[in-house]
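> Input target.cif, format and content: mmCIF, C-alpha atoms.
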data_protein
loop_
_atom_site.label_atom_id
_atom_site.label_comp_id
_atom_site.auth_asym_id
_atom_site.auth_seq_id
_atom_site.Cartn_x
_atom_site.Cartn_y
_atom_site.Cartn_z
CA MET C 575 -2.88 -10.70 12.82
CA THR C 576 -5.60 -9.85 10.31
CA HIS C 577 -9.25 -9.34 11.15
CA GLU C 578 -12.40 -9.34 9.03
CA ARG C 579 -14.88 -6.76 10.20
CA ASP C 580 -18.55 -6.41 9.60
CA ARG C 581 -19.57 -3.49 7.38
CA ARG C 582 -20.93 -1.20 10.10
CA ARG C 583 -17.88 -1.48 12.35
CA PHE C 584 -15.56 -1.09 9.39
CA ILE C 585 -17.22 2.10 8.13
CA ALA C 586 -17.19 3.49 11.66
CA GLU C 587 -13.44 2.95 11.87
CA LEU C 588 -12.93 4.73 8.57
CA ALA C 589 -14.98 7.67 9.78
CA ALA C 590 -12.86 7.79 12.93
CA GLY C 591 -9.72 8.25 10.85
CA ALA C 592 -8.23 4.75 10.74
CA GLY C 593 -8.45 4.40 6.99
CA GLY C 594 -5.58 6.53 5.74
CA MET C 595 -5.58 9.76 3.77
CA LEU C 596 -8.16 8.80 1.16
CA LEU C 597 -11.53 7.15 1.52
CA THR C 598 -14.52 6.55 -0.70
CA VAL C 599 -17.64 8.48 0.23
CA ARG C 600 -20.58 6.15 -0.23
CA SER C 601 -23.93 7.36 -1.48
CA PRO C 602 -27.38 6.18 -0.31
CA ALA C 603 -28.33 6.17 -3.99
CA SER C 604 -26.09 3.18 -4.74
CA ALA C 605 -27.50 0.13 -6.50
CA ALA C 606 -27.36 -1.96 -3.34
CA GLU C 607 -29.53 0.44 -1.35
CA ARG C 608 -32.03 0.58 -4.24
CA GLY C 609 -32.69 -3.13 -3.84
CA GLY C 610 -29.79 -4.84 -5.59
CA ALA C 611 -27.46 -7.33 -3.95
CA PRO C 612 -25.40 -5.57 -1.28
CA PRO C 613 -21.65 -5.46 -1.94
CA ALA C 614 -19.32 -7.73 -0.04
CA VAL C 615 -16.92 -5.87 2.25
CA ILE C 616 -13.69 -6.93 3.91
CA GLY C 617 -11.41 -4.83 6.09
CA ARG C 618 -8.06 -6.05 7.35
CA LEU C 619 -4.93 -4.66 8.95
CA MET C 620 -2.30 -5.19 6.27
CA LEU C 621 0.66 -3.33 4.77
CA GLY C 622 0.93 -1.36 8.00
CA THR C 623 -2.50 0.19 7.49
CA LEU C 624 -6.20 -0.62 7.25
CA VAL C 625 -7.04 -2.12 3.85
CA GLU C 626 -10.63 -1.99 2.59
CA GLY C 627 -12.15 -4.03 -0.19
CA GLU C 628 -15.71 -3.74 -1.46
CA ALA C 629 -16.98 -5.79 -4.41
CA SER C 630 -20.31 -6.13 -6.21
CA HIS C 631 -21.33 -9.35 -7.98
CA PRO C 632 -24.74 -10.95 -8.72
CA ASP C 633 -23.65 -13.81 -6.47
CA PRO C 634 -22.71 -12.49 -2.98
CA ALA C 635 -20.66 -15.63 -2.27
CA ALA C 636 -18.65 -15.06 -5.45
CA ALA C 637 -18.01 -11.45 -4.38
CA ARG C 638 -16.69 -12.61 -1.00
CA ASP C 639 -14.49 -15.25 -2.60
CA ALA C 640 -13.11 -12.68 -5.04
CA LEU C 641 -12.26 -10.32 -2.19
CA ARG C 642 -10.48 -13.08 -0.31
CA ALA C 643 -8.46 -13.83 -3.44
CA GLY C 644 -7.62 -10.15 -3.82
CA PHE C 645 -6.51 -9.89 -0.21
CA ALA C 646 -4.42 -13.04 -0.61
CA ARG C 647 -2.56 -11.26 -3.42
CA ILE C 648 -2.00 -8.24 -1.17
CA ASP C 649 -0.64 -10.50 1.55
CA ALA C 650 1.70 -12.16 -0.97
CA VAL C 651 3.06 -8.77 -2.06
CA ASP C 652 3.63 -7.80 1.57
CA ARG C 653 5.56 -11.03 2.22
CA LEU C 654 7.78 -10.35 -0.78
CA MET C 655 8.44 -6.65 -0.25
CA SER C 656 8.21 -5.85 3.47
CA ILE C 657 11.37 -4.43 5.02
CA PHE C 658 10.10 -5.75 8.37
CA ARG C 659 10.31 -9.41 7.32
CA ALA C 660 13.72 -11.07 7.34
CA ASP C 661 12.48 -13.60 4.78
CA SER C 662 11.21 -11.03 2.25
CA GLU C 663 12.89 -10.61 -1.11
CA VAL C 664 13.88 -7.01 -0.41
CA SER C 665 15.54 -8.10 2.85
CA GLY C 666 17.46 -10.74 0.91
CA LEU C 667 18.52 -8.11 -1.59
CA ALA C 668 19.89 -5.92 1.21
CA ARG C 669 21.87 -8.83 2.67
CA GLU C 670 23.59 -9.33 -0.69
CA ALA C 671 24.20 -5.62 -1.33
CA GLY C 672 27.66 -5.02 -2.75
CA ALA C 673 28.22 -8.75 -3.28
CA GLY C 674 26.07 -10.40 -5.92
CA SER C 675 22.68 -10.52 -7.55
CA VAL C 676 19.60 -12.32 -6.26
CA ALA C 677 16.67 -13.85 -8.11
CA VAL C 678 13.31 -12.26 -7.34
CA SER C 679 9.69 -12.91 -8.21
CA GLU C 680 7.86 -11.32 -11.10
CA ASP C 681 5.99 -9.12 -8.61
CA THR C 682 9.10 -7.71 -7.01
CA TYR C 683 10.89 -7.29 -10.33
CA CYS C 684 7.93 -5.36 -11.76
CA VAL C 685 7.89 -2.92 -8.83
CA LEU C 686 11.66 -2.43 -8.87
CA ARG C 687 11.61 -1.76 -12.62
CA GLU C 688 8.88 0.87 -12.26
CA ALA C 689 10.66 2.41 -9.27
CA ARG C 690 13.95 2.68 -11.17
CA ASP C 691 12.21 4.25 -14.17
CA LEU C 692 10.41 6.76 -11.96
CA GLY C 693 13.69 7.53 -10.23
CA VAL C 694 15.12 8.54 -13.60
CA ARG C 695 12.09 10.58 -14.64
CA THR C 696 11.76 12.37 -11.29
CA GLY C 697 15.45 13.18 -10.93
CA GLY C 698 15.70 11.07 -7.79
CA ALA C 699 12.66 12.52 -6.01
CA LEU C 700 11.51 8.91 -5.83
CA ASP C 701 14.45 6.73 -4.80
CA VAL C 702 13.65 3.33 -3.33
CA THR C 703 17.28 2.80 -2.26
CA MET C 704 16.71 5.22 0.63
CA LEU C 705 16.42 2.49 3.28
CA PRO C 706 19.72 3.50 4.98
CA LEU C 707 18.36 7.03 5.46
CA ARG C 708 15.04 5.81 6.85
CA ARG C 709 16.76 3.51 9.32
CA LEU C 710 19.11 6.30 10.36
CA TRP C 711 16.18 8.57 11.17
CA THR C 712 14.42 5.80 13.10
CA ARG C 713 17.48 5.06 15.23
CA ALA C 714 18.15 8.73 15.90
CA ALA C 715 14.53 9.38 16.90
CA GLU C 716 14.60 6.42 19.30
CA ARG C 717 17.58 8.09 20.99
CA GLY C 718 15.77 11.44 21.16
CA ARG C 719 17.98 13.32 18.72
CA LEU C 720 18.31 14.26 15.07
CA PRO C 721 20.81 12.57 12.74
CA SER C 722 24.15 14.36 12.60
CA SER C 723 25.51 15.82 9.39
CA ALA C 724 28.18 13.11 9.30
CA GLU C 725 25.56 10.38 9.70
CA LEU C 726 23.40 11.87 6.97
CA ASP C 727 26.40 12.06 4.68
CA ARG C 728 27.38 8.41 5.27
CA ALA C 729 23.83 7.14 4.75
CA GLY C 730 23.31 9.46 1.78
CA ARG C 731 26.27 7.96 -0.08
CA LEU C 732 24.36 4.64 -0.13
CA VAL C 733 21.24 6.21 -1.62
CA ASP C 734 21.31 6.21 -5.41
CA PHE C 735 18.63 4.63 -7.61
CA ARG C 736 21.31 4.14 -10.26
CA GLY C 737 22.92 1.64 -7.91
CA LEU C 738 19.88 -0.62 -8.33
CA VAL C 739 20.76 -2.94 -11.21
CA LEU C 740 18.13 -5.06 -12.94
CA GLU C 741 19.58 -8.01 -14.84
CA ASP C 742 18.16 -10.62 -17.19
CA GLY C 743 16.36 -13.57 -15.66
CA ARG C 744 14.73 -11.38 -12.98
CA ARG C 745 17.96 -10.98 -11.08
CA VAL C 746 18.65 -7.81 -9.10
CA ARG C 747 21.67 -6.41 -7.30
CA LEU C 748 22.65 -3.37 -5.29
CA ARG C 749 26.09 -2.01 -6.16
CA HIS C 750 26.95 -0.62 -2.72
CA ALA C 751 27.50 -2.69 0.44
CA GLY C 752 25.14 -1.45 3.15
CA ALA C 753 22.51 -0.32 0.65
CA GLY C 754 18.88 -1.39 0.89
CA VAL C 755 15.52 -0.98 -0.78
CA ASP C 756 12.35 0.43 0.79
CA LEU C 757 9.30 0.06 -1.47
CA GLY C 758 6.97 1.91 0.91
CA GLY C 759 6.48 4.73 -1.59
CA ILE C 760 5.31 2.53 -4.46
CA GLY C 761 4.74 -1.09 -3.38
CA LYS C 762 1.40 -0.45 -1.68
CA GLY C 763 0.01 0.85 -4.95
CA TYR C 764 1.16 -2.31 -6.70
CA ALA C 765 -0.61 -4.40 -4.06
CA VAL C 766 -3.83 -2.52 -4.80
CA ASP C 767 -3.41 -3.14 -8.53
CA VAL C 768 -2.93 -6.90 -8.19
CA ALA C 769 -5.93 -7.10 -5.86
CA VAL C 770 -8.01 -5.34 -8.51
CA GLU C 771 -6.77 -7.79 -11.15
CA ALA C 772 -7.86 -10.68 -8.92
CA LEU C 773 -11.34 -9.18 -8.53
CA ARG C 774 -11.78 -8.60 -12.25
CA SER C 775 -10.59 -12.09 -13.15
CA ARG C 776 -13.35 -13.48 -10.94
CA GLY C 777 -16.16 -11.57 -12.62
CA VAL C 778 -16.52 -8.63 -10.23
CA GLY C 779 -17.93 -5.69 -12.18
CA ARG C 780 -17.70 -2.93 -9.59
CA ALA C 781 -15.26 -2.60 -6.70
CA ILE C 782 -13.12 -0.48 -4.40
CA VAL C 783 -9.73 -1.39 -2.99
CA ASN C 784 -8.33 1.16 -0.54
CA ALA C 785 -5.02 0.68 1.24
CA GLY C 786 -4.60 3.66 3.55
CA GLY C 787 -4.14 6.37 0.95
CA ASP C 788 -3.76 4.24 -2.19
CA LEU C 789 -7.16 3.62 -3.70
CA ARG C 790 -8.47 2.17 -6.94
CA VAL C 791 -12.05 1.89 -8.17
CA PHE C 792 -13.54 0.26 -11.24
CA GLY C 793 -17.00 -0.14 -12.65
CA PRO C 794 -19.72 2.53 -12.50
CA GLY C 795 -19.69 4.73 -9.43
CA PRO C 796 -22.82 5.30 -7.33
CA VAL C 797 -23.45 8.92 -8.41
CA ASP C 798 -23.82 9.55 -12.15
CA GLY C 799 -21.36 6.73 -12.79
CA LEU C 800 -18.63 8.47 -10.77
CA TRP C 801 -17.02 7.75 -7.42
CA ARG C 802 -16.62 10.35 -4.69
CA VAL C 803 -13.25 10.17 -2.98
CA GLY C 804 -12.57 12.11 0.20
CA LEU C 805 -9.18 13.68 0.95
CA ARG C 806 -8.41 14.16 4.63
CA HIS C 807 -7.52 17.61 5.88
CA PRO C 808 -3.72 17.87 6.27
CA LEU C 809 -4.04 20.03 9.39
CA ARG C 810 -7.01 18.14 10.87
CA PRO C 811 -6.75 14.54 9.62
CA ALA C 812 -9.89 13.45 11.47
CA SER C 813 -11.95 15.53 9.02
CA LEU C 814 -12.16 15.83 5.25
CA LEU C 815 -10.73 18.74 3.30
CA LEU C 816 -12.56 18.00 0.05
CA THR C 817 -14.22 15.39 -2.10
CA LEU C 818 -13.18 14.51 -5.62
CA ARG C 819 -15.32 12.82 -8.30
CA VAL C 820 -13.49 10.30 -10.47
CA GLY C 821 -14.28 7.55 -12.94
CA ALA C 822 -12.60 4.15 -12.94
CA SER C 823 -9.07 5.04 -11.87
CA ALA C 824 -6.50 4.99 -9.09
CA VAL C 825 -6.01 7.80 -6.60
CA ALA C 826 -3.01 7.98 -4.27
CA THR C 827 -2.07 10.56 -1.68
CA SER C 828 1.25 11.11 0.05
CA GLY C 829 1.19 13.40 3.06
CA ASN C 830 3.82 14.77 5.39
CA TYR C 831 1.42 15.14 8.27
CA TYR C 832 -0.35 11.88 9.04
CA ARG C 833 2.74 9.92 10.16
CA TYR C 834 5.83 11.43 11.73
CA VAL C 835 8.65 10.92 14.19
CA GLU C 836 9.00 13.23 17.18
CA VAL C 837 12.32 14.50 18.48
CA ALA C 838 12.51 16.84 21.48
CA GLY C 839 8.78 17.52 21.19
CA ARG C 840 8.95 18.55 17.53
CA PRO C 841 7.34 16.43 14.76
CA TYR C 842 9.30 15.56 11.64
CA GLY C 843 7.39 14.20 8.64
CA HIS C 844 7.96 10.56 7.63
CA VAL C 845 8.46 11.44 3.93
CA LEU C 846 12.17 12.06 3.37
CA ASP C 847 13.75 13.80 0.41
CA PRO C 848 16.27 11.15 -0.73
CA ARG C 849 18.44 13.86 -2.30
CA THR C 850 19.02 15.66 1.02
CA GLY C 851 18.20 13.03 3.64
CA LEU C 852 15.84 15.50 5.33
CA PRO C 853 12.04 15.42 5.71
CA ALA C 854 10.17 16.94 2.79
CA ALA C 855 8.24 19.89 4.15
CA ALA C 856 7.31 22.17 1.24
CA ALA C 857 3.88 20.64 0.57
CA LEU C 858 1.34 19.25 3.03
CA SER C 859 0.01 16.58 0.70
CA ALA C 860 0.11 15.49 -2.93
CA THR C 861 -2.65 13.47 -4.61
CA VAL C 862 -2.28 11.85 -8.02
CA VAL C 863 -5.03 10.36 -10.23
CA ALA C 864 -3.79 7.78 -12.73
CA ALA C 865 -4.89 4.57 -14.42
CA HIS C 866 -2.93 2.33 -12.05
CA ALA C 867 -2.28 2.59 -8.34
CA MET C 868 1.43 1.75 -8.54
CA ARG C 869 2.06 4.72 -10.82
CA ALA C 870 -0.17 7.01 -8.77
CA ASP C 871 1.59 5.91 -5.56
CA GLY C 872 5.11 6.47 -6.88
CA LEU C 873 4.26 9.82 -8.45
CA ALA C 874 2.47 11.04 -5.30
CA THR C 875 5.57 10.25 -3.25
CA ALA C 876 7.84 12.05 -5.72
CA ALA C 877 5.43 14.98 -6.05
CA LEU C 878 5.35 15.60 -2.30
CA VAL C 879 9.14 15.71 -2.19
CA GLY C 880 9.13 18.35 -4.96
CA GLY C 881 6.99 20.87 -3.06
CA VAL C 882 3.96 22.63 -4.53
CA ASP C 883 5.55 23.98 -7.72
CA GLY C 884 7.64 20.88 -8.31
CA ALA C 885 4.65 18.61 -7.73
CA LEU C 886 2.50 20.44 -10.27
CA ALA C 887 5.33 20.44 -12.81
CA LEU C 888 5.83 16.70 -12.34
CA MET C 889 2.11 16.01 -12.86
CA ARG C 890 2.17 18.00 -16.10
CA ALA C 891 5.27 16.19 -17.31
CA GLU C 892 3.79 12.77 -16.52
CA GLY C 893 0.39 13.57 -18.00
CA VAL C 894 -1.56 12.86 -14.83
CA GLU C 895 -4.07 14.87 -12.82
CA GLY C 896 -3.77 15.72 -9.17
CA ILE C 897 -4.14 18.00 -6.17
CA VAL C 898 -1.33 19.54 -4.16
CA VAL C 899 -2.22 21.02 -0.77
CA GLY C 900 -0.05 23.71 0.75
CA SER C 901 -0.28 26.33 3.48
CA ARG C 902 -1.85 29.69 2.68
CA ALA C 903 0.65 32.53 2.75
CA GLY C 904 0.28 34.42 6.00
CA HIS C 905 -2.23 31.90 7.35
CA PRO C 906 -0.43 28.80 8.68
CA ASP C 907 -3.71 27.40 10.00
CA ARG C 908 -5.34 27.47 6.54
CA VAL C 909 -4.66 25.61 3.32
CA VAL C 910 -4.89 26.07 -0.43
CA ALA C 911 -5.63 23.16 -2.77
CA HIS C 912 -3.84 23.46 -6.12
CA VAL C 913 -5.95 21.51 -8.63
CA THR C 914 -4.77 20.46 -12.10
CA ARG C 915 -6.81 21.40 -15.15
CA GLY C 916 -8.43 18.01 -15.73
CA LEU C 917 -9.96 17.93 -12.24
CA ARG C 918 -11.52 21.37 -12.32
CA GLY C 919 -15.22 21.19 -11.60
CA ARG C 920 -14.83 17.80 -9.90
CA VAL C 921 -13.64 19.07 -6.52
CA GLU C 922 -15.90 20.15 -3.66
CA LEU C 923 -14.26 21.91 -0.72
CA LEU C 924 -15.58 20.96 2.72
CA ASP C 925 -13.45 23.46 4.68
CA ALA C 926 -14.88 26.97 4.41
CA ALA C 927 -11.50 28.49 5.26
CA ALA C 928 -9.68 26.69 2.44
CA VAL C 929 -9.37 27.91 -1.14
CA ILE C 930 -8.82 26.27 -4.52
CA ASP C 931 -6.12 27.46 -6.90
CA GLY C 932 -6.33 26.09 -10.40
#
Kindly transcribe the structure held in the file into structure tokens.


Amino acid sequence: MTHERDRRRFIAELAAGAGGMLLTVRSPASAAERGGAPPAVIGRLMLGTLVEGEASHPDPAAARDALRAGFARIDAVDRLMSIFRADSEVSGLAREAGAGSVAVSEDTYCVLREARDLGVRTGGALDVTMLPLRRLWTRAAERGRLPSSAELDRAGRLVDFRGLVLEDGRRVRLRHAGAGVDLGGIGKGYAVDVAVEALRSRGVGRAIVNAGGDLRVFGPGPVDGLWRVGLRHPLRPASLLLTLRVGASAVATSGNYYRYVEVAGRPYGHVLDPRTGLPAAAALSATVVAAHAMRADGLATAALVGGVDGALALMRAEGVEGIVVGSRAGHPDRVVAHVTRGLRGRVELLDAAAVIDG
């Protein structure tokens, strides 16, 4: 069930930590607080997280209508790509795995095409065919144990982005019976992008769409034309590690700390390395800044899997900026934020014990 919330309650929930790994830090110097029309705000539980939309328009009713249209697009993407819906297109694709191809929508085809291309460019660090591995880990955790080596090997043989075949006429097939697609590492970013397109097409000139760690802003920000984005602390997610100033762009963070499964009292991060079948643990979080949220989302997922050095190398190769947070050597309770060249001077640390490298 989705719920619209008034602005005050919604902001309070974000501050309490319900809003994912990234959030926009609003400034009292914004146009609305200087006497302009206040932005319209909607918050709903969608995509397995809290999704925030804020839009500015000379006509407040038009801003609200635009947000509703944007959220309708997000809901449509979720219905097409959710692995938790038996009637979704990705569920239909899994049912036909190893048999034949299925026709999919333009939305799903676009995400699968980008995912396959990123799979190639990242050497499999992003592999959306990892659904068998994710389900294996879920079943094992429910039984209070870790997957066995034999189970990991069987599931791992079904994980191969090259087994995802895109055909003419928007038809898709999976080569291996038992294979499946999980778009959790890239589809949420696409949902943010299509929501932004809906806002722009309805005349909104300034907006935020934030889906629990995948965020996109456009129009002038409230402070010197820039937006301040907060990154949660990987060791203390209820607080912020730093703020980052960006222009109109998308920012996505993947973290191995905010969601996890617990086996025998030990947490295991929810981000799996599709090449090993094991949780990625080398980096605490990876944040990517790009023009579009789908690309930022997919690259953040792949970057986290690559560890600190691999993440920074991937960002350089892809021509994007970002931040990779890792533990400080000899100080497991402290972190270091590795910042790419283009973001230097735009980051403000909020944890006195943390350091910036870059």

> Rank nothing, just name the residue among C:Leu621, C:Leu700, C:Ala876, C:Ala668 nearest to C:Ala650, using only C-alpha atoms.

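Among the listed residues, C:Leu621 lies closest to C:Ala650.
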
> Translate the PyMOL selection byres ((chain C and resi 637) around 9), as applied to the file shown, into an explicit residue set as JSON, numbers by chain.

{"C": [613, 614, 615, 628, 629, 630, 631, 632, 633, 634, 635, 636, 638, 639, 640, 641, 642, 773, 776, 777, 778]}

> Counting only C-alpha atoms, which residue out of C:Arg920, C:His905, C:Arg745, C:Arg647 sits closest to C:Arg819?

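Distance minimum relative to C:Arg819 lands on C:Arg920.
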
> Would you mind reading off the distance between atom CA of C:Ala689 and atom CA of C:Ile648, one decimal, in Å?

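Going from atom CA of C:Ala689 over to atom CA of C:Ile648, I get 18.4 Å.
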
> Can you turn the PyMOL selection byres ((chain C and resi 781) around 7) into a concrete residue list for this file, as a ChimeraX atom specification?

/C:628-630,779-780,782-783,791-793

> Can I get the selected residues back with C-alpha atoms, as a PDB file, in the coordinates of the input?


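Dumped everything to out.pdb:
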ATOM      1  CA  GLU C 628     -15.710  -3.740  -1.460  1.00  0.00           C
ATOM      2  CA  ALA C 629     -16.980  -5.790  -4.410  1.00  0.00           C
ATOM      3  CA  SER C 630     -20.310  -6.130  -6.210  1.00  0.00           C
ATOM      4  CA  GLY C 779     -17.930  -5.690 -12.180  1.00  0.00           C
ATOM      5  CA  ARG C 780     -17.700  -2.930  -9.590  1.00  0.00           C
ATOM      6  CA  ILE C 782     -13.120  -0.480  -4.400  1.00  0.00           C
ATOM      7  CA  VAL C 783      -9.730  -1.390  -2.990  1.00  0.00           C
ATOM      8  CA  VAL C 791     -12.050   1.890  -8.170  1.00  0.00           C
ATOM      9  CA  PHE C 792     -13.540   0.260 -11.240  1.00  0.00           C
ATOM     10  CA  GLY C 793     -17.000  -0.140 -12.650  1.00  0.00           C
TER      11      GLY C 793
END

> Could you give me, as CSV, every stretch 720-805 of chain C residue with an atom at most 8 Å from stretch 857-875 of chain C, plus its closest atom pair and distance in Å to one decimal, counting all atoms listed in the file, rows ordered by chain then number?


residue,atom,partner,partner_atom,distance
C:Gly759,CA,C:Gly872,CA,5.7
C:Ile760,CA,C:Gly872,CA,4.6
C:Gly761,CA,C:Met868,CA,6.8
C:Lys762,CA,C:Met868,CA,7.2
C:Gly763,CA,C:Met868,CA,4.0
C:Tyr764,CA,C:Met868,CA,4.5
C:Ala765,CA,C:Met868,CA,7.9
C:Val766,CA,C:Ala867,CA,6.4
C:Asp767,CA,C:Ala867,CA,5.8
C:Asp788,CA,C:Ala867,CA,6.5
C:Leu789,CA,C:Ala867,CA,6.8
C:Arg790,CA,C:Ala867,CA,6.4

> Taking the file as shown, find all residues satisfying the PyMOL selection byres ((chain C and resi 753) around 10) and write them as a PyMOL selection string.

chain C and resi 667-672+703-707+729-734+737-738+748-752+754-755

> Rank nothing, just name the residue among C:His844, C:Ala926, C:Gly900, C:Thr850 nearest to C:Thr712, using all atoms listed in the file.

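Among C:His844, C:Ala926, C:Gly900, C:Thr850, it is C:His844 that comes nearest to C:Thr712.
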